[in-house]
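work.txt, holding compact mmCIF, C-alpha atoms and all ligand atoms:
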# COMPACT_ATOMS: atom_id res chain seq x y z
CA MET A 1 -10.05 -3.41 -5.01
CA ILE A 2 -10.21 -2.86 -1.29
CA GLU A 3 -9.71 0.57 0.36
CA GLY A 4 -8.52 1.83 -3.00
CA HIS A 5 -5.77 -0.71 -3.61
CA LYS A 6 -5.33 -4.12 -5.22
CA GLU A 7 -6.56 -7.11 -3.26
CA ILE A 8 -3.80 -9.67 -2.68
CA ASP A 9 -3.56 -13.20 -1.27
CA ALA A 10 -1.60 -14.01 1.86
CA PRO A 11 1.93 -14.87 0.67
CA ALA A 12 3.24 -18.36 1.53
CA GLY A 13 4.63 -18.43 5.06
CA VAL A 14 2.80 -15.31 6.23
CA PRO A 15 0.25 -15.74 9.02
CA VAL A 16 -3.25 -14.38 8.51
CA TRP A 17 -4.27 -12.08 11.34
CA ASP A 18 -7.77 -10.76 11.81
CA VAL A 19 -6.94 -7.46 13.45
CA ASP A 20 -8.00 -3.91 12.62
CA PRO A 21 -4.89 -1.73 13.08
CA TYR A 22 -7.09 1.35 12.58
CA ASP A 23 -9.50 0.52 15.41
CA PRO A 24 -9.58 3.70 17.55
CA ALA A 25 -9.24 1.67 20.76
CA LEU A 26 -6.10 -0.03 19.42
CA LEU A 27 -4.68 3.27 18.14
CA ALA A 28 -5.09 4.77 21.61
CA ASP A 29 -3.23 1.86 23.21
CA PRO A 30 -1.15 0.09 20.55
CA LEU A 31 1.55 -1.75 22.55
CA ASP A 32 -0.10 -5.20 22.57
CA TYR A 33 -0.81 -4.94 18.85
CA TYR A 34 2.84 -4.03 18.20
CA ALA A 35 4.14 -6.94 20.30
CA GLU A 36 1.81 -9.45 18.63
CA LEU A 37 2.69 -8.13 15.17
CA ARG A 38 6.42 -8.61 15.84
CA SER A 39 5.79 -12.10 17.23
CA LYS A 40 4.16 -13.22 13.97
CA GLY A 41 7.28 -12.87 11.82
CA PRO A 42 8.49 -10.30 9.32
CA PHE A 43 4.95 -9.79 7.97
CA ALA A 44 1.36 -10.52 8.88
CA TYR A 45 -1.44 -10.57 6.30
CA LEU A 46 -4.44 -8.53 7.46
CA PRO A 47 -7.48 -9.74 5.47
CA ARG A 48 -9.62 -6.87 6.66
CA TYR A 49 -7.68 -4.48 4.43
CA SER A 50 -5.74 -7.02 2.33
CA VAL A 51 -2.38 -5.56 3.31
CA LEU A 52 0.93 -6.84 4.67
CA ALA A 53 1.81 -5.35 8.03
CA CYS A 54 5.49 -5.12 8.87
CA GLY A 55 6.61 -4.34 12.42
CA ARG A 56 10.06 -5.76 13.07
CA TYR A 57 12.96 -3.33 12.92
CA GLU A 58 15.02 -4.96 10.21
CA GLU A 59 12.34 -5.58 7.60
CA THR A 60 10.54 -2.30 8.29
CA LYS A 61 13.79 -0.48 7.65
CA GLU A 62 14.39 -2.48 4.46
CA VAL A 63 10.94 -1.74 3.03
CA PHE A 64 10.89 1.86 4.18
CA SER A 65 14.25 2.82 2.72
CA ASP A 66 14.03 1.03 -0.65
CA TRP A 67 12.25 3.60 -2.81
CA GLU A 68 12.82 1.62 -6.00
CA ARG A 69 10.91 -1.50 -4.99
CA PHE A 70 8.56 0.16 -2.48
CA VAL A 71 7.35 3.36 -4.04
CA SER A 72 5.71 6.42 -2.54
CA SER A 73 4.18 7.68 -5.80
CA ARG A 74 1.29 5.23 -5.39
CA GLY A 75 0.45 6.88 -2.05
CA VAL A 76 1.75 6.35 1.48
CA GLY A 77 -1.68 5.43 2.81
CA LEU A 78 -4.02 2.57 1.93
CA GLN A 79 -5.10 4.12 -1.37
CA ASP A 80 -3.10 3.24 -4.50
CA PHE A 81 -2.91 6.46 -6.54
CA SER A 82 -2.41 4.44 -9.72
CA LEU A 83 -5.92 3.05 -9.21
CA GLU A 84 -7.84 5.77 -7.41
CA GLU A 85 -7.68 9.54 -7.35
CA PRO A 86 -6.47 10.97 -4.02
CA TRP A 87 -8.50 13.57 -2.09
CA ARG A 88 -6.06 16.37 -2.94
CA PRO A 89 -3.34 16.81 -5.58
CA PRO A 90 -0.46 14.57 -4.39
CA SER A 91 2.40 16.09 -2.45
CA ILE A 92 5.36 16.69 -4.78
CA VAL A 93 7.83 15.64 -2.09
CA LEU A 94 6.07 12.90 -0.08
CA GLU A 95 3.93 11.11 -2.66
CA VAL A 96 6.49 10.91 -5.45
CA ASP A 97 9.60 8.94 -6.51
CA PRO A 98 12.84 9.96 -8.20
CA PRO A 99 13.49 11.53 -10.59
CA ASP A 100 10.52 13.87 -9.88
CA HIS A 101 11.18 13.76 -6.15
CA THR A 102 14.78 14.92 -6.42
CA LYS A 103 14.17 18.52 -7.51
CA ALA A 104 11.39 19.28 -5.04
CA ARG A 105 13.33 17.67 -2.22
CA ALA A 106 16.40 19.81 -2.96
CA VAL A 107 14.33 23.00 -2.81
CA ILE A 108 12.53 22.22 0.45
CA GLU A 109 15.77 20.87 1.98
CA ARG A 110 17.47 24.18 1.26
CA ALA A 111 14.61 26.16 2.81
CA LEU A 112 14.81 24.04 5.99
CA SER A 113 18.61 23.77 6.10
CA PRO A 114 20.52 23.67 9.40
CA ARG A 115 21.70 27.20 8.66
CA ALA A 116 18.19 28.58 8.05
CA VAL A 117 16.99 26.89 11.23
CA ARG A 118 19.97 28.07 13.29
CA GLU A 119 18.96 31.64 12.60
CA LEU A 120 15.64 30.99 14.35
CA GLY A 121 17.19 29.43 17.45
CA GLU A 122 17.25 32.64 19.44
CA SER A 123 13.56 33.43 18.93
CA PHE A 124 12.57 29.76 19.43
CA ARG A 125 14.36 29.85 22.79
CA ARG A 126 12.80 33.15 23.80
CA ASP A 127 9.28 31.91 23.03
CA ALA A 128 9.95 28.65 24.86
CA GLU A 129 11.16 30.44 27.98
CA LYS A 130 8.17 32.75 27.98
CA LEU A 131 5.76 29.85 27.63
CA VAL A 132 7.43 27.79 30.36
CA ASP A 133 7.39 30.81 32.70
CA GLU A 134 3.63 31.16 32.14
CA LEU A 135 3.03 27.48 32.74
CA LEU A 136 5.12 27.50 35.92
CA GLU A 137 2.98 30.38 37.08
CA LYS A 138 -0.13 28.27 36.51
CA GLY A 139 1.38 25.21 38.17
CA THR A 140 -1.17 22.68 36.93
CA PHE A 141 -2.20 22.85 33.27
CA GLU A 142 -3.33 20.84 30.27
CA ALA A 143 -0.10 20.13 28.43
CA VAL A 144 -1.59 19.23 25.04
CA GLU A 145 -3.49 22.43 24.46
CA GLU A 146 -1.38 24.77 26.56
CA LEU A 147 2.07 23.53 25.60
CA ALA A 148 2.20 20.92 22.81
CA GLU A 149 -0.28 22.72 20.54
CA THR A 150 0.53 26.26 21.60
CA TYR A 151 4.28 26.20 21.01
CA PRO A 152 4.52 24.91 17.42
CA THR A 153 1.48 26.90 16.30
CA THR A 154 3.21 30.01 17.63
CA VAL A 155 6.72 29.57 16.25
CA PHE A 156 6.22 27.46 13.12
CA PRO A 157 3.76 29.64 11.14
CA ASP A 158 6.07 32.56 11.86
CA ALA A 159 9.09 30.61 10.60
CA VAL A 160 7.21 29.71 7.41
CA GLY A 161 6.20 33.37 7.08
CA LEU A 162 2.42 33.03 7.31
CA GLY A 163 0.65 36.36 7.50
CA LYS A 164 -2.02 34.98 9.79
CA SER A 165 -1.93 32.00 12.08
CA ASP A 166 -4.95 30.00 13.16
CA ARG A 167 -4.06 27.25 15.59
CA ARG A 168 -7.27 25.28 15.09
CA LYS A 169 -7.11 25.34 11.29
CA LEU A 170 -3.46 24.26 11.22
CA VAL A 171 -4.04 21.35 13.61
CA ASP A 172 -7.25 20.33 11.81
CA TYR A 173 -5.58 20.36 8.39
CA GLY A 174 -2.85 18.05 9.70
CA GLU A 175 -5.58 15.84 11.12
CA MET A 176 -7.13 15.59 7.66
CA VAL A 177 -3.84 14.86 5.91
CA PHE A 178 -2.83 12.12 8.34
CA ASN A 179 -6.24 10.50 8.83
CA ALA A 180 -6.66 10.44 5.05
CA LEU A 181 -3.88 7.83 4.86
CA GLY A 182 -6.03 5.27 6.63
CA PRO A 183 -9.17 3.38 5.62
CA ASP A 184 -12.56 4.97 5.06
CA ASN A 185 -13.34 4.75 8.78
CA GLU A 186 -14.99 7.18 11.16
CA LEU A 187 -11.69 8.89 11.97
CA ARG A 188 -11.12 9.63 8.30
CA ARG A 189 -14.69 10.71 7.67
CA ASN A 190 -14.80 13.03 10.70
CA ALA A 191 -11.50 14.64 9.72
CA MET A 192 -12.58 15.05 6.09
CA ALA A 193 -15.80 16.73 7.17
CA LYS A 194 -13.63 19.63 8.36
CA GLY A 195 -12.41 20.18 4.80
CA PRO A 196 -14.65 23.05 3.69
CA GLY A 197 -13.71 25.13 6.74
CA VAL A 198 -9.99 24.40 6.52
CA VAL A 199 -8.69 23.57 3.03
CA PRO A 200 -9.47 26.92 1.31
CA TRP A 201 -7.82 28.79 4.21
CA ILE A 202 -4.68 26.61 3.99
CA MET A 203 -4.41 27.02 0.21
CA GLU A 204 -4.80 30.78 0.60
CA GLN A 205 -1.91 30.93 3.12
CA CYS A 206 0.33 29.08 0.63
CA LYS A 207 0.12 31.86 -1.96
CA ARG A 208 3.19 33.97 -2.53
CA GLU A 209 1.44 37.27 -1.83
CA ASN A 210 0.35 36.05 1.61
CA LEU A 211 3.84 35.04 2.77
CA LYS A 212 6.29 37.35 4.52
CA PRO A 213 9.55 38.01 2.69
CA ASP A 214 11.82 36.35 5.26
CA GLY A 215 10.39 32.90 5.99
CA PHE A 216 10.85 29.34 4.68
CA GLY A 217 7.99 30.03 2.28
CA ALA A 218 9.81 32.94 0.66
CA THR A 219 12.93 30.79 0.17
CA ILE A 220 10.77 28.23 -1.61
CA TYR A 221 9.21 30.82 -3.89
CA ALA A 222 12.68 32.21 -4.64
CA ALA A 223 13.41 28.86 -6.31
CA SER A 224 10.55 29.56 -8.70
CA ASP A 225 12.18 32.84 -9.77
CA THR A 226 15.26 30.97 -11.00
CA GLY A 227 13.10 28.42 -12.82
CA GLU A 228 14.19 25.55 -10.58
CA ILE A 229 10.52 24.84 -9.85
CA THR A 230 7.28 26.43 -11.03
CA GLU A 231 5.29 28.86 -8.92
CA GLU A 232 2.57 26.22 -8.61
CA GLU A 233 5.13 23.73 -7.28
CA ALA A 234 6.34 26.33 -4.79
CA GLY A 235 2.78 26.64 -3.48
CA LEU A 236 2.59 22.87 -3.10
CA LEU A 237 5.86 22.79 -1.14
CA VAL A 238 4.51 25.41 1.24
CA ARG A 239 1.42 23.20 1.53
CA SER A 240 3.75 20.30 2.44
CA MET A 241 5.25 22.32 5.28
CA LEU A 242 1.82 23.14 6.65
CA SER A 243 0.71 19.51 6.20
CA ALA A 244 3.65 17.86 7.91
CA GLY A 245 5.04 20.48 10.28
CA VAL A 246 2.32 20.97 12.86
CA ASP A 247 0.65 17.77 14.11
CA THR A 248 3.97 15.92 14.17
CA THR A 249 5.70 18.46 16.41
CA VAL A 250 2.57 18.79 18.55
CA SER A 251 2.79 15.02 19.04
CA VAL A 252 6.46 14.90 19.97
CA LEU A 253 6.18 17.80 22.43
CA GLY A 254 3.18 16.27 24.20
CA SER A 255 4.86 12.88 24.29
CA ALA A 256 8.14 14.33 25.58
CA VAL A 257 6.33 15.91 28.54
CA TRP A 258 4.43 12.64 29.09
CA CYS A 259 7.71 10.66 29.07
CA LEU A 260 9.41 13.03 31.51
CA ALA A 261 6.38 13.18 33.84
CA ASN A 262 6.29 9.39 33.98
CA ASN A 263 10.04 8.99 34.35
CA PRO A 264 11.18 11.53 36.96
CA ASP A 265 14.60 9.86 37.11
CA GLN A 266 15.07 10.68 33.43
CA PHE A 267 14.03 14.30 34.01
CA ARG A 268 16.71 14.41 36.71
CA VAL A 269 19.27 13.03 34.26
CA LEU A 270 18.29 15.76 31.79
CA LYS A 271 18.45 18.49 34.42
CA ASP A 272 21.93 17.32 35.43
CA ASN A 273 23.10 17.29 31.82
CA ARG A 274 21.28 19.72 29.52
CA ALA A 275 23.30 18.51 26.55
CA LEU A 276 21.08 15.42 26.65
CA SER A 277 18.04 17.40 25.44
CA ARG A 278 18.87 16.40 21.87
CA TRP A 279 18.78 12.75 23.00
CA ALA A 280 15.60 13.26 24.97
CA PHE A 281 14.09 14.28 21.62
CA GLU A 282 15.42 11.22 19.81
CA GLU A 283 14.40 8.84 22.61
CA THR A 284 10.91 10.38 22.69
CA LEU A 285 10.69 9.75 18.96
CA ARG A 286 11.82 6.15 19.37
CA TYR A 287 9.62 5.49 22.37
CA THR A 288 6.42 7.11 21.06
CA SER A 289 6.76 7.27 17.23
CA PRO A 290 4.69 10.38 16.32
CA ILE A 291 3.97 8.75 12.95
CA HIS A 292 3.01 5.22 13.91
CA THR A 293 2.36 3.94 10.39
CA PHE A 294 3.08 4.95 6.80
CA CYS A 295 2.51 2.67 3.81
CA ARG A 296 4.52 1.82 0.75
CA THR A 297 3.38 0.03 -2.42
CA ALA A 298 5.39 -2.81 -3.99
CA ASN A 299 6.07 -1.65 -7.55
CA VAL A 300 7.54 -5.02 -8.63
CA ASP A 301 7.27 -8.65 -7.60
CA THR A 302 9.95 -8.97 -4.94
CA GLU A 303 11.04 -10.67 -1.73
CA VAL A 304 11.78 -9.42 1.79
CA GLY A 305 12.89 -11.59 4.72
CA GLY A 306 12.26 -14.69 2.58
CA ILE A 307 8.64 -13.66 1.89
CA LYS A 308 7.37 -13.19 -1.67
CA ILE A 309 5.56 -9.90 -2.22
CA VAL A 310 3.51 -9.23 -5.35
CA GLU A 311 3.41 -6.01 -7.33
CA GLY A 312 0.61 -3.79 -6.10
CA ALA A 313 0.76 -5.05 -2.51
CA LYS A 314 0.33 -2.36 0.12
CA ILE A 315 2.76 -2.68 3.03
CA LEU A 316 1.90 -1.12 6.38
CA CYS A 317 5.26 -0.04 7.77
CA VAL A 318 4.45 0.06 11.46
CA LEU A 319 7.19 2.41 12.64
CA GLY A 320 5.80 2.49 16.17
CA SER A 321 6.37 -1.24 16.42
CA ALA A 322 9.80 -1.30 14.75
CA ASN A 323 11.01 1.34 17.20
CA LEU A 324 10.11 -0.95 20.11
CA ASP A 325 11.66 -4.12 18.68
CA GLU A 326 13.59 -5.80 21.53
CA SER A 327 15.92 -7.50 19.08
CA HIS A 328 17.21 -4.10 18.02
CA TRP A 329 16.68 -2.16 21.28
CA PRO A 330 17.50 -4.04 24.47
CA GLY A 331 15.09 -2.86 27.16
CA ALA A 332 12.96 -1.32 24.39
CA ASP A 333 10.02 -0.62 26.67
CA SER A 334 11.94 1.70 28.95
CA PHE A 335 12.41 5.41 28.25
CA ASP A 336 16.13 6.06 28.57
CA ILE A 337 17.59 9.32 27.26
CA GLU A 338 21.11 7.97 27.67
CA ARG A 339 20.37 5.27 25.10
CA ARG A 340 21.15 7.78 22.30
CA PRO A 341 19.06 6.05 19.65
CA SER A 342 20.41 7.51 16.42
CA ASP A 343 18.92 4.84 14.15
CA HIS A 344 15.26 4.88 15.13
CA LEU A 345 12.77 4.93 12.25
CA ALA A 346 10.48 7.67 13.55
CA LEU A 347 11.79 10.22 11.04
CA GLY A 348 11.99 7.66 8.27
CA VAL A 349 15.22 6.71 6.56
CA GLY A 350 16.70 7.24 3.12
CA ILE A 351 15.55 9.70 0.46
CA HIS A 352 12.20 10.36 2.15
CA GLY A 353 13.66 10.88 5.64
CA CYS A 354 11.96 13.80 7.41
CA VAL A 355 13.06 17.00 5.69
CA GLY A 356 11.76 19.15 8.55
CA GLN A 357 13.71 17.39 11.27
CA ASN A 358 16.05 20.35 11.86
CA VAL A 359 13.04 22.51 12.64
CA ALA A 360 11.44 19.88 14.87
CA ARG A 361 14.72 19.33 16.72
CA ALA A 362 15.17 23.07 17.27
CA GLU A 363 11.61 23.45 18.59
CA VAL A 364 11.81 20.53 20.98
CA ASP A 365 15.32 21.45 22.07
CA ALA A 366 14.17 24.98 22.92
CA VAL A 367 11.21 23.72 24.95
CA LEU A 368 13.04 20.92 26.78
CA THR A 369 15.96 23.19 27.61
CA ALA A 370 13.61 25.84 29.02
CA ILE A 371 11.81 23.16 31.06
CA ALA A 372 15.08 21.66 32.32
CA ASN A 373 16.35 25.12 33.31
CA LYS A 374 13.24 26.39 35.03
CA VAL A 375 11.16 23.45 36.24
CA GLY A 376 12.09 21.48 39.35
CA SER A 377 9.72 18.55 38.79
CA ILE A 378 6.99 17.46 36.39
CA GLU A 379 4.14 15.51 37.91
CA PRO A 380 1.12 13.82 36.34
CA ALA A 381 -2.09 15.61 37.41
CA GLY A 382 -4.67 13.24 35.94
CA GLU A 383 -5.07 10.46 33.40
CA PRO A 384 -3.55 11.15 29.98
CA ILE A 385 -5.88 10.53 27.04
CA TRP A 386 -4.63 9.62 23.56
CA ARG A 387 -6.24 10.97 20.38
CA PRO A 388 -6.64 8.18 17.81
CA ASN A 389 -5.45 9.06 14.32
CA ASN A 390 -4.87 6.77 11.31
CA SER A 391 -1.18 7.80 11.10
CA VAL A 392 -0.24 9.98 14.06
CA HIS A 393 0.29 8.77 17.61
CA THR A 394 -0.62 11.78 19.68
CA LEU A 395 -2.04 12.82 23.03
CA ASP A 396 -5.42 14.48 23.36
CA ARG A 397 -5.15 15.50 27.01
CA LEU A 398 -2.25 15.55 29.43
CA PRO A 399 -2.83 17.21 32.79
CA VAL A 400 0.49 17.89 34.51
CA THR A 401 1.97 20.05 37.23
CA PHE A 402 5.22 21.99 36.89
CA LYS A 403 6.80 22.62 40.28
CA GLY A 404 9.47 25.28 40.64
CA LYS A 405 12.96 24.62 41.88
C1 LIG B 1 5.80 13.85 5.76
C2 LIG B 1 4.53 14.42 5.28
C3 LIG B 1 3.40 14.17 5.96
C4 LIG B 1 2.22 14.72 5.51
C5 LIG B 1 2.19 15.50 4.37
C6 LIG B 1 3.31 15.75 3.67
C7 LIG B 1 4.50 15.22 4.11
C8 LIG B 1 3.23 16.59 2.43
O1 LIG B 1 4.23 16.71 1.73
O2 LIG B 1 2.16 17.14 2.13
As structure tokens, how would this structure be written, given the file I've shared?
Amino acid sequence: MIEGHKEIDAPAGVPVWDVDPYDPALLADPLDYYAELRSKGPFAYLPRYSVLACGRYEETKEVFSDWERFVSSRGVGLQDFSLEEPWRPPSIVLEVDPPDHTKARAVIERALSPRAVRELGESFRRDAEKLVDELLEKGTFEAVEELAETYPTTVFPDAVGLGKSDRRKLVDYGEMVFNALGPDNELRRNAMAKGPGVVPWIMEQCKRENLKPDGFGATIYAASDTGEITEEEAGLLVRSMLSAGVDTTVSVLGSAVWCLANNPDQFRVLKDNRALSRWAFEETLRYTSPIHTFCRTANVDTEVGGIKIVEGAKILCVLGSANLDESHWPGADSFDIERRPSDHLALGVGIHGCVGQNVARAEVDAVLTAIANKVGSIEPAGEPIWRPNNSVHTLDRLPVTFKGK
């Protein structure tokens, strides 16, 4: 065993590469790692963790979408749940395969349906306009804390129907969940140390009696009244929303502002055509991949791209790399909102594709539209700093200036 999974040999034809993809310095600046990974072929064998890393578009998509050969039930981090007990009861929608996955997915999909999200559009837009007005007033501000963290932690807990919100606890819980998918490194240990102050609070918020009657949470619990799921499963699905819905949208909002500040021509294009805000979201996802890496476990002996993969092998699906693969995206390293990248892998693909994407799209659309309407130019006001995380690619600090029209 190594990092909680089976140790494997390098398959024939796969180069051995002595790199640590969870090194904080690399996580803060991953582009060279991505390029080298793609140059090595469909897979590289990383002896440090005894895993296969996959970072070209085609093979990453193949592994990531084939839930029968590459299962999620054995964990989507380095740990293999068939060999080691995870730190919390597994998610019943993320860390599970059909047939068990199907029922839970249907319930959470209904709660987060386009219709349910459409009803929130008006209040999402109002909150976005208010926030952008305040930031314009300030002029120069720290866009991670004051925009990227503030906005989702204002609108999302309300949409779920949380009685209380606590920005720090929500962000820290996400940090635990996503760092837990990596090795037992300092990032994981530091995040886990926050557990006692955060986990009991989160679990308390997931209880039926603490949820308002008109949020996503209530819709989920309604499915336990009809017997579709149990009340305990409903609580776990609310936990899934709080696990996956905060740090990811914080990441994409921060990265969207970063992209627009660094590409003023693209901000101009957006201002001239507001309908492109949807594509600014997708291109930000492609260009920055809020989830840079998720794993799958080979559940059978199989073959991908001519490479033999043994049962029990952990595959690092490096989404951040696949989304920058030149052979799929000409000019991959430029941020271009007119590219309209509908087939990026940032939200996954297939049965596990992001179930909250309607909510994320509505949040980012509200914020980008408010910015495009009200802000004349976005300028960098200092060096951005990235916050290393074992699964999430996210900014830590982003000083910017909003100038009026
Ligand atoms: C997509 C995702 C990320 C993290 C946690 C979960 C899902 C969950 O279901 O708990």
List all protein, DNA and RNA residues that have any atom at most 8 Å from ligand LIG 1 (chain B), counting all atoms listed in the file, and write the list as a list in words.
->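 Selection of residues at most 8 Å from ligand LIG 1 (chain B): Pro90, Ser91, Ile92, Val93, Leu94, Glu95, Gly174, Val177, Phe178, Leu236, Leu237, Arg239, Ser240, Met241, Leu242, Ser243, Ala244, Gly245, Cys354 and Val355 of chain A.
Coordinates place atom CA of A:Lys403 at a distance of 8.6 Å from atom CA of A:Thr140.
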A:Trp258 surroundings by all atoms listed in the file, 10 Å radius, close-in-sequence under 5 positions cut, as number ranges by chain = A: 143-144, 252-253, 263, 284, 288, 378-380, 384, 395, 398-400
Could you turn the residues from that selection into a file that holds C-alpha atoms, as a short mmCIF file (atom, residue, chain, number, x, y, z; two decimals), in the coordinates of the input?
data_model
loop_
_atom_site.label_atom_id
_atom_site.label_comp_id
_atom_site.auth_asym_id
_atom_site.auth_seq_id
_atom_site.Cartn_x
_atom_site.Cartn_y
_atom_site.Cartn_z
CA ALA A 143 -0.10 20.13 28.43
CA VAL A 144 -1.59 19.23 25.04
CA VAL A 252 6.46 14.90 19.97
CA LEU A 253 6.18 17.80 22.43
CA ASN A 263 10.04 8.99 34.35
CA THR A 284 10.91 10.38 22.69
CA THR A 288 6.42 7.11 21.06
CA ILE A 378 6.99 17.46 36.39
CA GLU A 379 4.14 15.51 37.91
CA PRO A 380 1.12 13.82 36.34
CA PRO A 384 -3.55 11.15 29.98
CA LEU A 395 -2.04 12.82 23.03
CA LEU A 398 -2.25 15.55 29.43
CA PRO A 399 -2.83 17.21 32.79
CA VAL A 400 0.49 17.89 34.51
#
For stretch 19-31 of chain A, please output as a PyMOL selection string all residues within 8 Å (counting all atoms listed in the file; exclusion window: fewer than 2 positions along the same chain).
-> chain A and resi 17+33-35+46+48+182-183+187+321+385-390+393
Nearest to A:Asn179, chosen from A:Val199, A:Ile291, A:Ala104, A:Ala261, with all atoms listed in the file counted in the distances =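 Under the stated criterion, the closest residue is A:Ile291.
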Polymer residues at most 8 Å from A:Ala44, all atoms listed in the file, same-chain spacing of 4 or more positions, as a tab-separated table (two decimals) with C-alpha atoms, in the coordinates of the input:
chain	number	residue	atom	x	y	z
A	14	VAL	CA	2.80	-15.31	6.23
A	15	PRO	CA	0.25	-15.74	9.02
A	16	VAL	CA	-3.25	-14.38	8.51
A	17	TRP	CA	-4.27	-12.08	11.34
A	37	LEU	CA	2.69	-8.13	15.17
A	40	LYS	CA	4.16	-13.22	13.97
A	52	LEU	CA	0.93	-6.84	4.67
A	53	ALA	CA	1.81	-5.35	8.03
A	54	CYS	CA	5.49	-5.12	8.87
Contacts of A:Asp325 at 12 Å (all atoms listed in the file; same-chain gap of 4+ positions) as a PyMOL selection string = chain A and resi 31+34-39+41-42+54-61+286-287+318-321+329-334+344-345
Nearest-residue call for A:Pro89, choices A:Glu232, A:Lys308, A:Asp343, A:Trp67, using all atoms listed in the file =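 For A:Pro89, the nearest of the given residues is A:Glu232.
Counting all atoms listed in the file and comparing A:Val375, A:Met192, A:Ala280, A:Met1, the residue that lies closest to A:Gly312 is A:Met1.
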Kindly give the distance, in Å, that separates atom CA of A:Glu146 and atom CA of A:Thr293, rounded to a single decimal.
->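 That distance, rounded to one decimal, is 26.6 Å.
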Of the listed residues A:Ala381, A:Ile315, A:Ala372, A:Leu211, that which approaches A:Leu270 most closely, counting only C-alpha atoms =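 Looking at the shortest contact to A:Leu270, the residue is A:Ala372.
Going from atom CA of A:Pro200 over to atom CA of A:Gly77, you cover 22.9 Å.
Using all atoms listed in the file, the residues found no farther than 12 Å from A:Asp272, other than those of its own chain fewer than 6 positions away, are A:Asp265, A:Gln266, A:Thr369, A:Ala372, A:Asn373, A:Gly376.
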Nearest candidate to A:Gly121 (options A:Ile229, A:Leu78, A:Val155, A:Val107; using only C-alpha atoms) |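 Using only C-alpha atoms, the shortest distance to A:Gly121 belongs to A:Val155.
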Complete the atom set of stretch 270-281 of chain A to N, CA, C and O atoms and return it as a short mmCIF file (atom, residue, chain, number, x, y, z; two decimals), in the coordinates of the input.
data_model
loop_
_atom_site.label_atom_id
_atom_site.label_comp_id
_atom_site.auth_asym_id
_atom_site.auth_seq_id
_atom_site.Cartn_x
_atom_site.Cartn_y
_atom_site.Cartn_z
N LEU A 270 18.28 14.63 32.73
CA LEU A 270 18.29 15.76 31.79
C LEU A 270 18.68 17.06 32.49
O LEU A 270 19.47 17.85 31.97
N LYS A 271 18.13 17.27 33.68
CA LYS A 271 18.45 18.49 34.42
C LYS A 271 19.94 18.55 34.77
O LYS A 271 20.55 19.61 34.77
N ASP A 272 20.51 17.36 35.07
CA ASP A 272 21.93 17.32 35.43
C ASP A 272 22.84 17.46 34.21
O ASP A 272 24.03 17.71 34.35
N ASN A 273 22.29 17.20 33.03
CA ASN A 273 23.10 17.29 31.82
C ASN A 273 22.24 17.78 30.65
O ASN A 273 21.69 16.99 29.89
N ARG A 274 22.17 19.10 30.51
CA ARG A 274 21.28 19.72 29.52
C ARG A 274 21.64 19.31 28.09
O ARG A 274 20.82 19.38 27.19
N ALA A 275 22.89 18.91 27.90
CA ALA A 275 23.30 18.51 26.55
C ALA A 275 22.52 17.28 26.09
O ALA A 275 22.49 16.96 24.90
N LEU A 276 21.86 16.61 27.03
CA LEU A 276 21.08 15.42 26.65
C LEU A 276 19.72 15.77 26.04
O LEU A 276 18.98 14.87 25.64
N SER A 277 19.38 17.07 25.94
CA SER A 277 18.04 17.40 25.44
C SER A 277 17.85 16.90 24.02
O SER A 277 16.79 16.44 23.63
N ARG A 278 18.91 16.96 23.23
CA ARG A 278 18.87 16.40 21.87
C ARG A 278 18.49 14.92 21.92
O ARG A 278 17.70 14.42 21.12
N TRP A 279 19.06 14.19 22.92
CA TRP A 279 18.78 12.75 23.00
C TRP A 279 17.44 12.46 23.65
O TRP A 279 16.82 11.43 23.37
N ALA A 280 16.97 13.41 24.45
CA ALA A 280 15.60 13.26 24.97
C ALA A 280 14.61 13.33 23.81
O ALA A 280 13.61 12.61 23.78
N PHE A 281 14.91 14.20 22.83
CA PHE A 281 14.09 14.28 21.62
C PHE A 281 14.11 12.96 20.86
O PHE A 281 13.07 12.38 20.54
#
